[in-house]
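So this block is model28.cif, mmCIF, C-alpha atoms:
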```cif
data_structure
#
loop_
_atom_site.label_atom_id
_atom_site.label_comp_id
_atom_site.auth_asym_id
_atom_site.auth_seq_id
_atom_site.Cartn_x
_atom_site.Cartn_y
_atom_site.Cartn_z
CA MET A 44 -10.60 16.13 33.68
CA ARG A 45 -12.40 19.20 32.35
CA GLN A 46 -15.75 18.75 30.65
CA TRP A 47 -14.50 19.66 27.19
CA GLU A 48 -11.69 17.12 27.48
CA LYS A 49 -14.28 14.37 27.86
CA ASN A 50 -15.65 15.24 24.42
CA ILE A 51 -12.35 14.89 22.56
CA ARG A 52 -12.10 11.82 20.38
CA THR A 53 -8.88 10.03 21.25
CA VAL A 54 -7.27 7.29 19.17
CA VAL A 55 -3.93 5.51 19.04
CA PRO A 56 -2.60 6.82 15.73
CA TYR A 57 -0.86 5.01 12.91
CA VAL A 58 2.93 5.23 13.18
CA PRO A 59 4.53 5.85 9.77
CA GLY A 60 8.00 4.67 8.86
CA GLU A 61 10.96 6.77 9.93
CA GLN A 62 11.94 9.45 7.41
CA PRO A 63 15.68 10.01 7.94
CA ASN A 64 17.58 12.60 5.93
CA HIS A 65 21.28 11.83 6.02
CA LYS A 66 23.70 12.52 3.19
CA ASP A 67 25.09 9.01 2.91
CA MET A 68 22.10 6.90 3.90
CA VAL A 69 20.47 3.85 2.32
CA LYS A 70 16.72 4.20 2.90
CA LEU A 71 14.98 0.83 2.63
CA ASN A 72 12.30 1.24 5.27
CA THR A 73 9.22 2.83 3.66
CA ASN A 74 8.71 0.90 0.38
CA GLU A 75 9.38 3.86 -1.87
CA ASN A 76 10.50 3.31 -5.45
CA PRO A 77 14.25 3.93 -5.89
CA TYR A 78 13.82 5.23 -9.44
CA PRO A 79 12.44 8.61 -10.59
CA PRO A 80 8.93 9.05 -12.01
CA ALA A 81 8.30 8.90 -15.76
CA PRO A 82 10.09 11.60 -17.80
CA GLY A 83 6.76 13.17 -18.70
CA VAL A 84 6.14 13.92 -15.02
CA LYS A 85 9.32 15.99 -14.79
CA LYS A 86 8.53 17.74 -18.06
CA VAL A 87 4.99 18.74 -17.08
CA LEU A 88 6.21 20.09 -13.73
CA GLU A 89 8.95 22.14 -15.39
CA ASN A 90 6.55 23.61 -17.94
CA MET A 91 3.53 24.12 -15.72
CA ASP A 92 2.06 27.62 -15.73
CA ALA A 93 2.19 28.74 -12.09
CA ASP A 94 -0.88 30.89 -12.71
CA ILE A 95 -3.09 27.80 -12.50
CA LEU A 96 -2.21 27.51 -8.82
CA ARG A 97 -4.44 30.48 -8.01
CA LEU A 98 -7.43 28.46 -9.24
CA TYR A 99 -9.13 25.60 -7.44
CA PRO A 100 -8.45 22.21 -9.02
CA ASP A 101 -11.22 20.32 -10.77
CA PRO A 102 -13.14 18.62 -7.92
CA THR A 103 -14.02 15.68 -10.20
CA ILE A 104 -10.32 15.19 -11.13
CA LYS A 105 -11.69 14.43 -14.58
CA ARG A 106 -8.43 14.33 -16.58
CA LEU A 107 -6.80 11.80 -14.28
CA VAL A 108 -9.98 9.76 -13.83
CA GLN A 109 -10.30 9.48 -17.61
CA GLU A 110 -6.67 8.43 -18.03
CA LEU A 111 -6.97 5.74 -15.36
CA ALA A 112 -10.27 4.48 -16.76
CA HIS A 113 -8.72 4.21 -20.21
CA TYR A 114 -5.70 2.31 -18.87
CA TYR A 115 -7.79 -0.19 -16.90
CA LYS A 116 -10.51 -0.48 -19.59
CA LEU A 117 -13.20 0.84 -17.25
CA GLU A 118 -15.81 3.59 -17.52
CA ASP A 119 -15.05 6.99 -16.01
CA ASP A 120 -17.73 6.51 -13.38
CA GLN A 121 -15.92 3.41 -12.12
CA VAL A 122 -12.85 5.33 -10.90
CA PHE A 123 -12.36 7.44 -7.76
CA VAL A 124 -9.18 9.42 -7.05
CA GLY A 125 -7.93 10.65 -3.69
CA VAL A 126 -4.87 11.98 -1.88
CA GLY A 127 -2.90 8.77 -1.70
CA SER A 128 -4.39 5.34 -1.10
CA ASP A 129 -4.59 6.09 2.65
CA ASP A 130 -7.06 8.87 1.92
CA VAL A 131 -8.98 6.60 -0.45
CA LEU A 132 -9.09 3.77 2.09
CA ALA A 133 -10.11 6.07 4.95
CA THR A 134 -12.95 7.42 2.80
CA ALA A 135 -13.97 3.88 1.90
CA PHE A 136 -14.04 2.80 5.58
CA LEU A 137 -16.19 5.84 6.40
CA THR A 138 -18.49 5.25 3.42
CA PHE A 139 -19.03 1.50 3.41
CA PHE A 140 -18.58 0.20 6.95
CA ASN A 141 -21.61 1.41 8.88
CA SER A 142 -23.06 -1.90 10.07
CA ASP A 143 -23.33 -3.20 13.62
CA LYS A 144 -21.62 -6.33 12.33
CA PRO A 145 -17.81 -6.46 12.53
CA ILE A 146 -15.65 -6.04 9.47
CA LEU A 147 -12.98 -8.67 8.87
CA PHE A 148 -9.29 -8.29 8.05
CA PRO A 149 -6.21 -10.40 8.94
CA ASP A 150 -4.45 -10.14 12.29
CA ILE A 151 -1.20 -9.27 10.50
CA THR A 152 -1.77 -6.66 7.83
CA TYR A 153 -1.56 -2.94 7.13
CA SER A 154 -1.61 -1.32 10.57
CA PHE A 155 -3.77 1.61 9.45
CA TYR A 156 -6.87 -0.64 9.27
CA PRO A 157 -7.38 -0.90 13.06
CA VAL A 158 -6.69 2.83 13.42
CA TRP A 159 -9.56 3.70 11.07
CA CYS A 160 -11.78 1.21 12.88
CA ASP A 161 -11.00 2.95 16.15
CA LEU A 162 -11.46 6.43 14.67
CA TYR A 163 -14.79 5.65 12.99
CA ARG A 164 -16.02 3.27 15.71
CA ILE A 165 -16.17 0.28 13.37
CA PRO A 166 -16.39 -3.13 15.08
CA ASN A 167 -13.86 -5.58 13.71
CA VAL A 168 -12.61 -9.15 13.95
CA ARG A 169 -9.13 -10.14 12.78
CA PRO A 170 -8.78 -13.78 11.66
CA ALA A 171 -5.25 -15.09 12.11
CA LEU A 172 -3.00 -15.74 9.14
CA ASP A 173 -1.63 -19.26 9.05
CA ASP A 174 1.97 -20.10 9.98
CA ASN A 175 3.12 -19.21 6.47
CA PHE A 176 1.32 -15.83 6.61
CA HIS A 177 -1.41 -16.89 4.19
CA ILE A 178 -5.13 -16.19 4.52
CA SER A 179 -7.44 -19.05 5.44
CA LYS A 180 -10.31 -18.12 3.14
CA GLU A 181 -12.78 -20.12 5.24
CA ASP A 182 -12.30 -17.57 8.04
CA TYR A 183 -14.17 -15.04 5.88
CA ASN A 184 -17.23 -17.22 5.27
CA LYS A 185 -19.19 -15.80 8.18
CA GLU A 186 -21.50 -12.91 8.87
CA ASN A 187 -19.74 -9.58 8.65
CA GLY A 188 -20.13 -5.88 7.96
CA GLY A 189 -17.39 -5.82 5.30
CA ILE A 190 -14.00 -7.28 4.44
CA VAL A 191 -10.60 -5.72 3.75
CA ILE A 192 -7.78 -7.75 2.19
CA ALA A 193 -4.37 -6.29 1.34
CA ASN A 194 -3.04 -8.30 -1.60
CA PRO A 195 -0.06 -8.55 -1.60
CA ASN A 196 -0.22 -8.21 2.14
CA ALA A 197 1.83 -5.75 4.15
CA PRO A 198 4.16 -6.22 5.92
CA THR A 199 4.40 -9.92 4.98
CA SER A 200 4.72 -9.44 1.17
CA VAL A 201 2.51 -12.50 0.56
CA TYR A 202 0.36 -12.51 -2.58
CA GLU A 203 -2.81 -14.60 -2.62
CA GLU A 204 -3.82 -16.03 -5.98
CA LEU A 205 -6.82 -14.30 -7.55
CA SER A 206 -8.90 -17.45 -7.11
CA VAL A 207 -8.59 -17.05 -3.32
CA ILE A 208 -9.68 -13.42 -3.49
CA GLU A 209 -12.58 -14.24 -5.80
CA ASP A 210 -13.77 -16.99 -3.46
CA ILE A 211 -13.96 -14.46 -0.60
CA ILE A 212 -15.82 -11.94 -2.77
CA LYS A 213 -18.23 -14.56 -4.13
CA ASN A 214 -19.12 -15.80 -0.64
CA ASN A 215 -19.74 -12.30 0.74
CA GLN A 216 -21.96 -10.62 -1.83
CA GLU A 217 -24.03 -8.95 0.91
CA SER A 218 -20.91 -7.08 2.11
CA ILE A 219 -18.45 -4.66 0.53
CA VAL A 220 -15.08 -6.30 -0.06
CA ILE A 221 -12.11 -3.94 -0.38
CA VAL A 222 -8.96 -5.35 -1.99
CA ASP A 223 -5.99 -3.09 -1.21
CA GLU A 224 -3.49 -3.60 -4.04
CA ALA A 225 -0.69 -1.16 -3.24
CA TYR A 226 1.91 -3.75 -4.33
CA VAL A 227 0.06 -5.81 -6.94
CA ASP A 228 2.25 -4.54 -9.81
CA PHE A 229 5.11 -6.63 -8.39
CA ALA A 230 3.01 -9.79 -7.97
CA GLY A 231 0.30 -11.34 -10.14
CA ALA A 232 -3.19 -10.76 -11.45
CA SER A 233 -5.20 -7.82 -10.09
CA ALA A 234 -8.75 -8.04 -8.80
CA VAL A 235 -9.59 -5.23 -11.24
CA GLU A 236 -10.61 -7.93 -13.72
CA LEU A 237 -13.38 -8.98 -11.29
CA ILE A 238 -15.02 -5.55 -11.00
CA ASN A 239 -17.63 -6.06 -13.70
CA ARG A 240 -18.44 -9.49 -12.26
CA TYR A 241 -19.06 -8.47 -8.63
CA ASP A 242 -20.87 -5.27 -7.65
CA ASN A 243 -19.63 -5.52 -4.04
CA LEU A 244 -15.94 -5.17 -4.94
CA VAL A 245 -13.73 -2.10 -4.47
CA VAL A 246 -10.09 -2.29 -5.62
CA VAL A 247 -7.65 0.33 -4.28
CA GLN A 248 -4.25 1.13 -5.83
CA THR A 249 -1.61 3.84 -5.55
CA PHE A 250 0.99 5.87 -7.45
CA SER A 251 3.42 5.58 -4.52
CA LYS A 252 5.07 2.28 -5.45
CA ALA A 253 5.31 1.24 -9.10
CA ARG A 254 4.82 4.79 -10.42
CA SER A 255 7.50 6.34 -8.15
CA MET A 256 5.28 9.15 -6.84
CA ALA A 257 4.96 8.64 -3.08
CA GLY A 258 5.67 12.33 -2.58
CA MET A 259 2.81 13.39 -4.85
CA ARG A 260 0.12 11.50 -2.88
CA ILE A 261 -2.18 9.96 -5.49
CA GLY A 262 -4.38 6.95 -4.81
CA TYR A 263 -7.47 5.59 -6.52
CA ALA A 264 -10.32 3.14 -6.15
CA MET A 265 -12.15 1.17 -8.81
CA GLY A 266 -15.54 -0.47 -8.60
CA ASN A 267 -19.06 -0.30 -9.93
CA ALA A 268 -20.56 3.13 -10.57
CA ALA A 269 -22.86 3.07 -7.52
CA LEU A 270 -19.94 2.45 -5.14
CA ILE A 271 -17.81 5.14 -6.76
CA LYS A 272 -20.69 7.63 -6.52
CA ALA A 273 -21.02 6.82 -2.82
CA LEU A 274 -17.30 7.51 -2.31
CA ASN A 275 -17.57 10.82 -4.15
CA ASP A 276 -20.64 11.85 -2.17
CA VAL A 277 -18.72 11.38 1.07
CA LYS A 278 -15.62 13.11 -0.34
CA TYR A 279 -17.68 16.12 -1.47
CA SER A 280 -19.17 16.28 2.03
CA ILE A 281 -15.69 16.66 3.55
CA ASN A 282 -13.47 18.40 1.01
CA SER A 283 -14.37 18.82 -2.66
CA TYR A 284 -10.90 19.88 -3.81
CA THR A 285 -8.83 16.94 -2.65
CA LEU A 286 -6.13 16.56 -5.30
CA ASN A 287 -4.06 19.62 -6.19
CA GLN A 288 -3.42 20.91 -9.70
CA THR A 289 0.19 19.72 -9.77
CA ALA A 290 -0.72 16.17 -8.77
CA ILE A 291 -3.47 15.96 -11.40
CA TYR A 292 -1.19 17.02 -14.27
CA ALA A 293 1.72 14.86 -13.09
CA GLY A 294 -0.54 11.87 -12.50
CA VAL A 295 -1.86 11.97 -16.05
CA GLU A 296 1.67 11.87 -17.46
CA ALA A 297 2.64 8.98 -15.19
CA VAL A 298 -0.27 6.85 -16.44
CA LYS A 299 0.42 7.68 -20.08
CA ASP A 300 3.99 6.33 -20.07
CA VAL A 301 3.20 2.61 -19.93
CA ALA A 302 6.61 1.49 -21.20
CA TYR A 303 8.50 3.36 -18.47
CA TYR A 304 6.11 2.05 -15.83
CA LYS A 305 6.59 -1.57 -16.90
CA GLU A 306 10.36 -1.24 -17.19
CA GLY A 307 10.56 0.16 -13.65
CA ILE A 308 8.59 -2.82 -12.34
CA ARG A 309 10.89 -5.21 -14.22
CA LYS A 310 14.01 -3.64 -12.69
CA ILE A 311 12.65 -3.89 -9.14
CA ILE A 312 11.56 -7.52 -9.59
CA THR A 313 14.99 -8.42 -11.00
CA THR A 314 16.74 -6.80 -8.03
CA ARG A 315 14.25 -8.42 -5.63
CA ASP A 316 14.94 -11.90 -7.00
CA TRP A 317 18.70 -11.37 -6.72
CA SER A 318 18.28 -9.97 -3.19
CA GLU A 319 16.27 -13.01 -2.11
CA GLN A 320 19.15 -15.25 -3.19
CA ARG A 321 21.69 -13.15 -1.28
CA LEU A 322 19.53 -13.19 1.86
CA MET A 323 19.25 -16.98 1.74
CA GLU A 324 23.03 -17.25 1.46
CA LEU A 325 23.32 -15.13 4.61
CA GLY A 326 20.95 -17.36 6.59
CA PHE A 327 17.65 -15.50 6.19
CA SER A 328 14.28 -17.04 5.46
CA PHE A 329 11.19 -15.27 4.14
CA PRO A 330 7.92 -15.84 2.31
CA LYS A 331 8.18 -15.48 -1.46
CA SER A 332 7.69 -11.76 -2.05
CA GLY A 333 4.93 -10.35 -4.23
CA ALA A 334 5.87 -6.77 -3.37
CA ASN A 335 8.73 -4.29 -3.68
CA PHE A 336 10.09 -5.50 -0.33
CA ILE A 337 11.16 -8.69 1.41
CA PHE A 338 9.96 -9.77 4.87
CA ALA A 339 12.95 -11.62 6.29
CA SER A 340 13.98 -13.38 9.48
CA HIS A 341 17.50 -14.62 10.31
CA LYS A 342 18.01 -18.17 11.57
CA SER A 343 20.04 -17.13 14.63
CA ILE A 344 20.35 -13.35 15.01
CA PRO A 345 17.39 -11.36 16.41
CA ALA A 346 15.82 -8.93 13.96
CA LYS A 347 16.07 -6.06 16.42
CA SER A 348 19.85 -6.49 16.70
CA ILE A 349 20.24 -6.44 12.92
CA PHE A 350 17.93 -3.43 12.65
CA GLU A 351 19.92 -1.45 15.23
CA TYR A 352 23.27 -2.35 13.67
CA LEU A 353 22.13 -1.29 10.20
CA ARG A 354 20.61 1.91 11.54
CA SER A 355 23.88 2.81 13.25
CA ASN A 356 25.47 2.59 9.81
CA ASN A 357 22.84 4.79 8.10
CA ILE A 358 21.03 1.84 6.51
CA TYR A 359 17.33 1.94 7.32
CA VAL A 360 14.98 -1.05 7.21
CA ARG A 361 11.66 -1.51 9.02
CA TYR A 362 11.29 -3.38 12.30
CA PHE A 363 7.91 -4.15 13.87
CA ASN A 364 8.00 -4.81 17.61
CA VAL A 365 4.63 -6.60 17.67
CA PRO A 366 3.61 -10.22 18.33
CA ARG A 367 4.23 -12.89 15.66
CA ILE A 368 6.44 -10.66 13.51
CA ASP A 369 8.94 -9.22 16.01
CA ASN A 370 11.75 -11.30 14.54
CA TYR A 371 11.27 -10.06 10.98
CA LEU A 372 12.69 -7.13 9.04
CA ARG A 373 10.88 -5.51 6.15
CA ILE A 374 13.50 -4.60 3.57
CA THR A 375 12.47 -2.36 0.66
CA ILE A 376 14.09 -3.13 -2.68
CA GLY A 377 16.41 -0.27 -3.57
CA THR A 378 18.78 0.15 -6.48
CA GLU A 379 21.34 -2.57 -7.10
CA GLU A 380 24.01 -0.34 -5.57
CA GLU A 381 21.94 0.24 -2.43
CA MET A 382 21.25 -3.46 -2.02
CA LYS A 383 24.95 -4.31 -2.44
CA ARG A 384 25.78 -1.90 0.35
CA LEU A 385 23.13 -3.48 2.55
CA PHE A 386 24.55 -6.96 1.94
CA THR A 387 28.10 -5.82 2.61
CA PHE A 388 27.11 -4.61 6.08
CA LEU A 389 24.90 -7.64 6.73
CA LYS A 390 27.76 -10.00 5.84
CA VAL A 391 30.17 -8.23 8.21
CA PHE A 392 27.66 -8.27 11.07
CA ILE A 393 26.58 -11.88 10.60
CA GLU A 394 30.14 -13.21 10.29
CA ALA A 395 31.18 -11.30 13.44
CA ASP A 396 28.31 -12.94 15.33
CA GLN A 397 29.26 -16.47 14.32
#
```

For the structure just supplied, provide its representation as structure tokens.
Amino acid sequence: MRQWEKNIRTVVPYVPGEQPNHKDMVKLNTNENPYPPAPGVKKVLENMDADILRLYPDPTIKRLVQELAHYYKLEDDQVFVGVGSDDVLATAFLTFFNSDKPILFPDITYSFYPVWCDLYRIPNVRPALDDNFHISKEDYNKENGGIVIANPNAPTSVYEELSVIEDIIKNNQESIVIVDEAYVDFAGASAVELINRYDNLVVVQTFSKARSMAGMRIGYAMGNAALIKALNDVKYSINSYTLNQTAIYAGVEAVKDVAYYKEGIRKIITTRDWSEQRLMELGFSFPKSGANFIFASHKSIPAKSIFEYLRSNNIYVRYFNVPRIDNYLRITIGTEEEMKRLFTFLKVFIEADQ
């Protein structure tokens, strides 16, 4: 090995979901929203003056910050915006987790967390979820350098009641607690309502799921003003102009259209509930979903076999070949038509196996 090779930082990277592009596919593997963004998003993009693209975007992202603060009934200085929630979370890991003590997050959760720990050299301990994929809150009542909880969790879809989350925050007021709420719109109460009660809380959300804008890459964090300033200080030390002009304008319109946003959530939850019933009829079991996906296991057919069969028929779901969850499939909720096609193929495959 040459000397310069010894100085290269090497990590095992996060592996994103497959992004197929077939004409007649059903794509249910990356938790995207099957419906288009709010009409105002399309309108602002069609009418945008291209001349603004020669100018740097506002580094404070003021227009979008103000719109989000208004929606969540927060102050402007309590909101941070970044390039998707992954960018926001990565910045938060870099900003807040600089202790010699390990940070805590579950053994089964969003697989980017251990990647950031490796990249930033953050020690970590991963308490095991119970047999039903729930957090044992007592596991977090010990010395730590920070805590990260995805709620609802990914890939399990399990939502912990806000009382569980608050108990963890309350018992760790010497540490920063990050609650990653990418899917909370499809579940229950958000930890946002706890922000003004606990100054050690950071809540992270995204436009990728309920607001149908995964391709625009907008994420945001909410917390007390001191924490948000710390995030901005780190951001400005890396790249001041993080969110582009187009994303800022489109993001504002997406937040404004509350009725469209809520109706989209309602449609996905309705299809999710119907899909859960169909899966049970086909012999699947799963935790009750609090997300825009279902985490399902069949009673007799291995998940990998189902995954490969569906993929061969241009239907894509997510399979994780890792311990404890290697017999589960993560199935994103698509349109009713997409889900009917999925169930048609599942029925054929399952009946042929029996």

List the spatial neighbours of His341 (chain A) as a compact mmCIF listing (two decimals) with C-alpha atoms, in the frame of the given file - criterion: any atom at most 8 Å away, only C-alpha atoms, same-chain residues fewer than 6 positions off excluded.
```
# COMPACT_ATOMS: atom_id res chain seq x y z
CA GLY A 326 20.95 -17.36 6.59
CA PHE A 327 17.65 -15.50 6.19
CA SER A 328 14.28 -17.04 5.46
CA ASN A 370 11.75 -11.30 14.54
CA TYR A 371 11.27 -10.06 10.98
```

Query raised in the report: So how many Å separate CA of Asn72 (chain A) and CA of Tyr359 (chain A), to one decimal?
Result: 5.5 Å

Determine, counting only C-alpha atoms, which protein, DNA and RNA residues have an atom within 10 Å of an atom of Asn267 (chain A); residues of the same chain fewer than 5 positions away are not included. Present the result as a tab-separated table (two decimals) with C-alpha atoms, keeping the file's coordinate frame.
```tsv
chain	number	residue	atom	x	y	z
A	117	LEU	CA	-13.20	0.84	-17.25
A	118	GLU	CA	-15.81	3.59	-17.52
A	120	ASP	CA	-17.73	6.51	-13.38
A	121	GLN	CA	-15.92	3.41	-12.12
A	122	VAL	CA	-12.85	5.33	-10.90
A	238	ILE	CA	-15.02	-5.55	-11.00
A	239	ASN	CA	-17.63	-6.06	-13.70
A	240	ARG	CA	-18.44	-9.49	-12.26
A	241	TYR	CA	-19.06	-8.47	-8.63
A	242	ASP	CA	-20.87	-5.27	-7.65
A	243	ASN	CA	-19.63	-5.52	-4.04
A	244	LEU	CA	-15.94	-5.17	-4.94
A	245	VAL	CA	-13.73	-2.10	-4.47
A	272	LYS	CA	-20.69	7.63	-6.52
```

Query raised in the report: What's the 9 Å shell around region 381-387 of chain A, counting all atoms listed in the file, without same-chain residues fewer than 5 positions away, as a ChimeraX atom specification?
Result: /A:69-71,314,318,321-322,325,353,358,376,392

Assuming 5 Å of padding per side, give the centre and edge lengths of the axis-aligned box around every listed atom of region 366-375 of chain A, in Å to one decimal and as lines of an AutoDock Vina configuration file.
```
center_x = 8.6
center_y = -7.6
center_z = 9.5
size_x = 19.9
size_y = 20.5
size_z = 27.7
```

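For the atom pair formed by CA of Gly127 (chain A) and CA of Thr249 (chain A), the distance is 6.4 Å, given to one decimal.
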
**Report entry** Reference answer for the PyMOL selection byres ((chain A and resi 308) around 9), as a VMD selection string
**Finding:** chain A and resid 228 to 229 253 to 254 303 to 307 309 to 313 335

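The residue that comes closest to Leu372 (chain A), out of A:Ile337, A:Leu111, A:Ala171, A:Met256 and on the basis of all atoms listed in the file, is A:Ile337.
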
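Taking CA of Asp143 (chain A) as the reference point, CA of Glu209 (chain A) is found at 24.8 Å.
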
Report task. Identify all residues satisfying the PyMOL selection byres ((chain A and resi 151) around 12) in the given file; provide them as a PyMOL selection string. Result -> chain A and resi 147-150+152-157+168-178+192-193+196-201+363+365-369

Write the residues of the selection above to a file with C-alpha atoms, as an mmCIF file, keeping the file's coordinate frame.
```cif
data_model
loop_
_atom_site.group_PDB
_atom_site.id
_atom_site.type_symbol
_atom_site.label_atom_id
_atom_site.label_comp_id
_atom_site.auth_asym_id
_atom_site.auth_seq_id
_atom_site.Cartn_x
_atom_site.Cartn_y
_atom_site.Cartn_z
ATOM 1 C CA LEU A 147 -12.980 -8.670 8.870
ATOM 2 C CA PHE A 148 -9.290 -8.290 8.050
ATOM 3 C CA PRO A 149 -6.210 -10.400 8.940
ATOM 4 C CA ASP A 150 -4.450 -10.140 12.290
ATOM 5 C CA THR A 152 -1.770 -6.660 7.830
ATOM 6 C CA TYR A 153 -1.560 -2.940 7.130
ATOM 7 C CA SER A 154 -1.610 -1.320 10.570
ATOM 8 C CA PHE A 155 -3.770 1.610 9.450
ATOM 9 C CA TYR A 156 -6.870 -0.640 9.270
ATOM 10 C CA PRO A 157 -7.380 -0.900 13.060
ATOM 11 C CA VAL A 168 -12.610 -9.150 13.950
ATOM 12 C CA ARG A 169 -9.130 -10.140 12.780
ATOM 13 C CA PRO A 170 -8.780 -13.780 11.660
ATOM 14 C CA ALA A 171 -5.250 -15.090 12.110
ATOM 15 C CA LEU A 172 -3.000 -15.740 9.140
ATOM 16 C CA ASP A 173 -1.630 -19.260 9.050
ATOM 17 C CA ASP A 174 1.970 -20.100 9.980
ATOM 18 C CA ASN A 175 3.120 -19.210 6.470
ATOM 19 C CA PHE A 176 1.320 -15.830 6.610
ATOM 20 C CA HIS A 177 -1.410 -16.890 4.190
ATOM 21 C CA ILE A 178 -5.130 -16.190 4.520
ATOM 22 C CA ILE A 192 -7.780 -7.750 2.190
ATOM 23 C CA ALA A 193 -4.370 -6.290 1.340
ATOM 24 C CA ASN A 196 -0.220 -8.210 2.140
ATOM 25 C CA ALA A 197 1.830 -5.750 4.150
ATOM 26 C CA PRO A 198 4.160 -6.220 5.920
ATOM 27 C CA THR A 199 4.400 -9.920 4.980
ATOM 28 C CA SER A 200 4.720 -9.440 1.170
ATOM 29 C CA VAL A 201 2.510 -12.500 0.560
ATOM 30 C CA PHE A 363 7.910 -4.150 13.870
ATOM 31 C CA VAL A 365 4.630 -6.600 17.670
ATOM 32 C CA PRO A 366 3.610 -10.220 18.330
ATOM 33 C CA ARG A 367 4.230 -12.890 15.660
ATOM 34 C CA ILE A 368 6.440 -10.660 13.510
ATOM 35 C CA ASP A 369 8.940 -9.220 16.010
#
```

Requested in this report: Starting from the shown file, work through the PyMOL selection byres ((chain A and resi 85) around 12) and note down what comes out as a ChimeraX atom specification.
Outcome: /A:79-84,86-91,255-256,289-290,292-297

Report summary line: Residue with the minimum atom-to-atom distance to Leu132 (chain A), picked from A:Gly188, A:Gly262, A:Gly333, A:Pro345 with only C-alpha atoms counted, is A:Gly262

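Using only C-alpha atoms, the smallest distance between any of A:Ser142, A:Asn194, A:Asp161, A:Val298 and Gln109 (chain A) comes from A:Val298.
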
Query - Exercise: region 279-287 of chain A partners within 8 Å, all atoms listed in the file, chain neighbours under 6 positions left out, as a VMD selection string - result: chain A and resid 99 to 102 104 124 to 126 261

Query raised in the report: Using only C-alpha atoms, which residues sit within 8 Å of Ile95 (chain A) once same-chain residues fewer than 3 positions away are excluded, as a ChimeraX atom specification?
Result: /A:92,98,288

Report task. Using all atoms listed in the file, find all polymer residues with an atom at most 12 Å away from the point (-22.4, 7.3, 3.5); report them as a ChimeraX atom specification. Result -> /A:134-142,269-281

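If all atoms listed in the file are the atoms counted, then among A:Tyr78, A:Tyr202, A:Tyr115, A:Phe388 the closest residue to Tyr263 (chain A) is A:Tyr115.
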
Report task. Give the answer as one residue: which of A:Lys342, A:Arg354, A:Arg361, A:Arg97 has the shortest atom-to-atom distance to His65 (chain A), using only C-alpha atoms? Result -> A:Arg354

Requested in this report: Name the closest residue to Ala225 (chain A) among the candidates A:Val54, A:Ala93, A:Val131, A:Ala346; distances are taken between atoms, counting all atoms listed in the file.
Outcome: A:Val131

Could you add N, CA and C atoms to region 171-184 of chain A and give me the result as a compact mmCIF listing (two decimals), in the coordinates of the input?
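Written out: part_37.txt:
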```txt
# COMPACT_ATOMS: atom_id res chain seq x y z
N ALA A 171 -6.70 -14.91 12.14
CA ALA A 171 -5.25 -15.09 12.11
C ALA A 171 -4.78 -15.66 10.78
N LEU A 172 -3.69 -15.11 10.26
CA LEU A 172 -3.00 -15.74 9.14
C LEU A 172 -2.43 -17.08 9.60
N ASP A 173 -2.22 -17.98 8.66
CA ASP A 173 -1.63 -19.26 9.05
C ASP A 173 -0.13 -19.09 9.31
N ASP A 174 0.56 -20.19 9.60
CA ASP A 174 1.97 -20.10 9.98
C ASP A 174 2.86 -19.62 8.84
N ASN A 175 2.37 -19.70 7.62
CA ASN A 175 3.12 -19.21 6.47
C ASN A 175 2.63 -17.84 6.01
N PHE A 176 1.85 -17.18 6.86
CA PHE A 176 1.32 -15.83 6.61
C PHE A 176 0.31 -15.78 5.47
N HIS A 177 -0.36 -16.89 5.20
CA HIS A 177 -1.41 -16.89 4.19
C HIS A 177 -2.78 -16.77 4.85
N ILE A 178 -3.74 -16.26 4.09
CA ILE A 178 -5.13 -16.19 4.52
C ILE A 178 -5.76 -17.58 4.50
N SER A 179 -6.56 -17.88 5.50
CA SER A 179 -7.44 -19.05 5.44
C SER A 179 -8.80 -18.53 4.98
N LYS A 180 -9.12 -18.76 3.72
CA LYS A 180 -10.31 -18.12 3.14
C LYS A 180 -11.59 -18.50 3.86
N GLU A 181 -11.59 -19.68 4.51
CA GLU A 181 -12.78 -20.12 5.24
C GLU A 181 -13.10 -19.20 6.42
N ASP A 182 -12.09 -18.49 6.92
CA ASP A 182 -12.30 -17.57 8.04
C ASP A 182 -13.20 -16.40 7.67
N TYR A 183 -13.40 -16.19 6.36
CA TYR A 183 -14.17 -15.04 5.88
C TYR A 183 -15.57 -15.46 5.43
N ASN A 184 -15.89 -16.73 5.63
CA ASN A 184 -17.23 -17.22 5.27
C ASN A 184 -18.15 -17.16 6.48
```
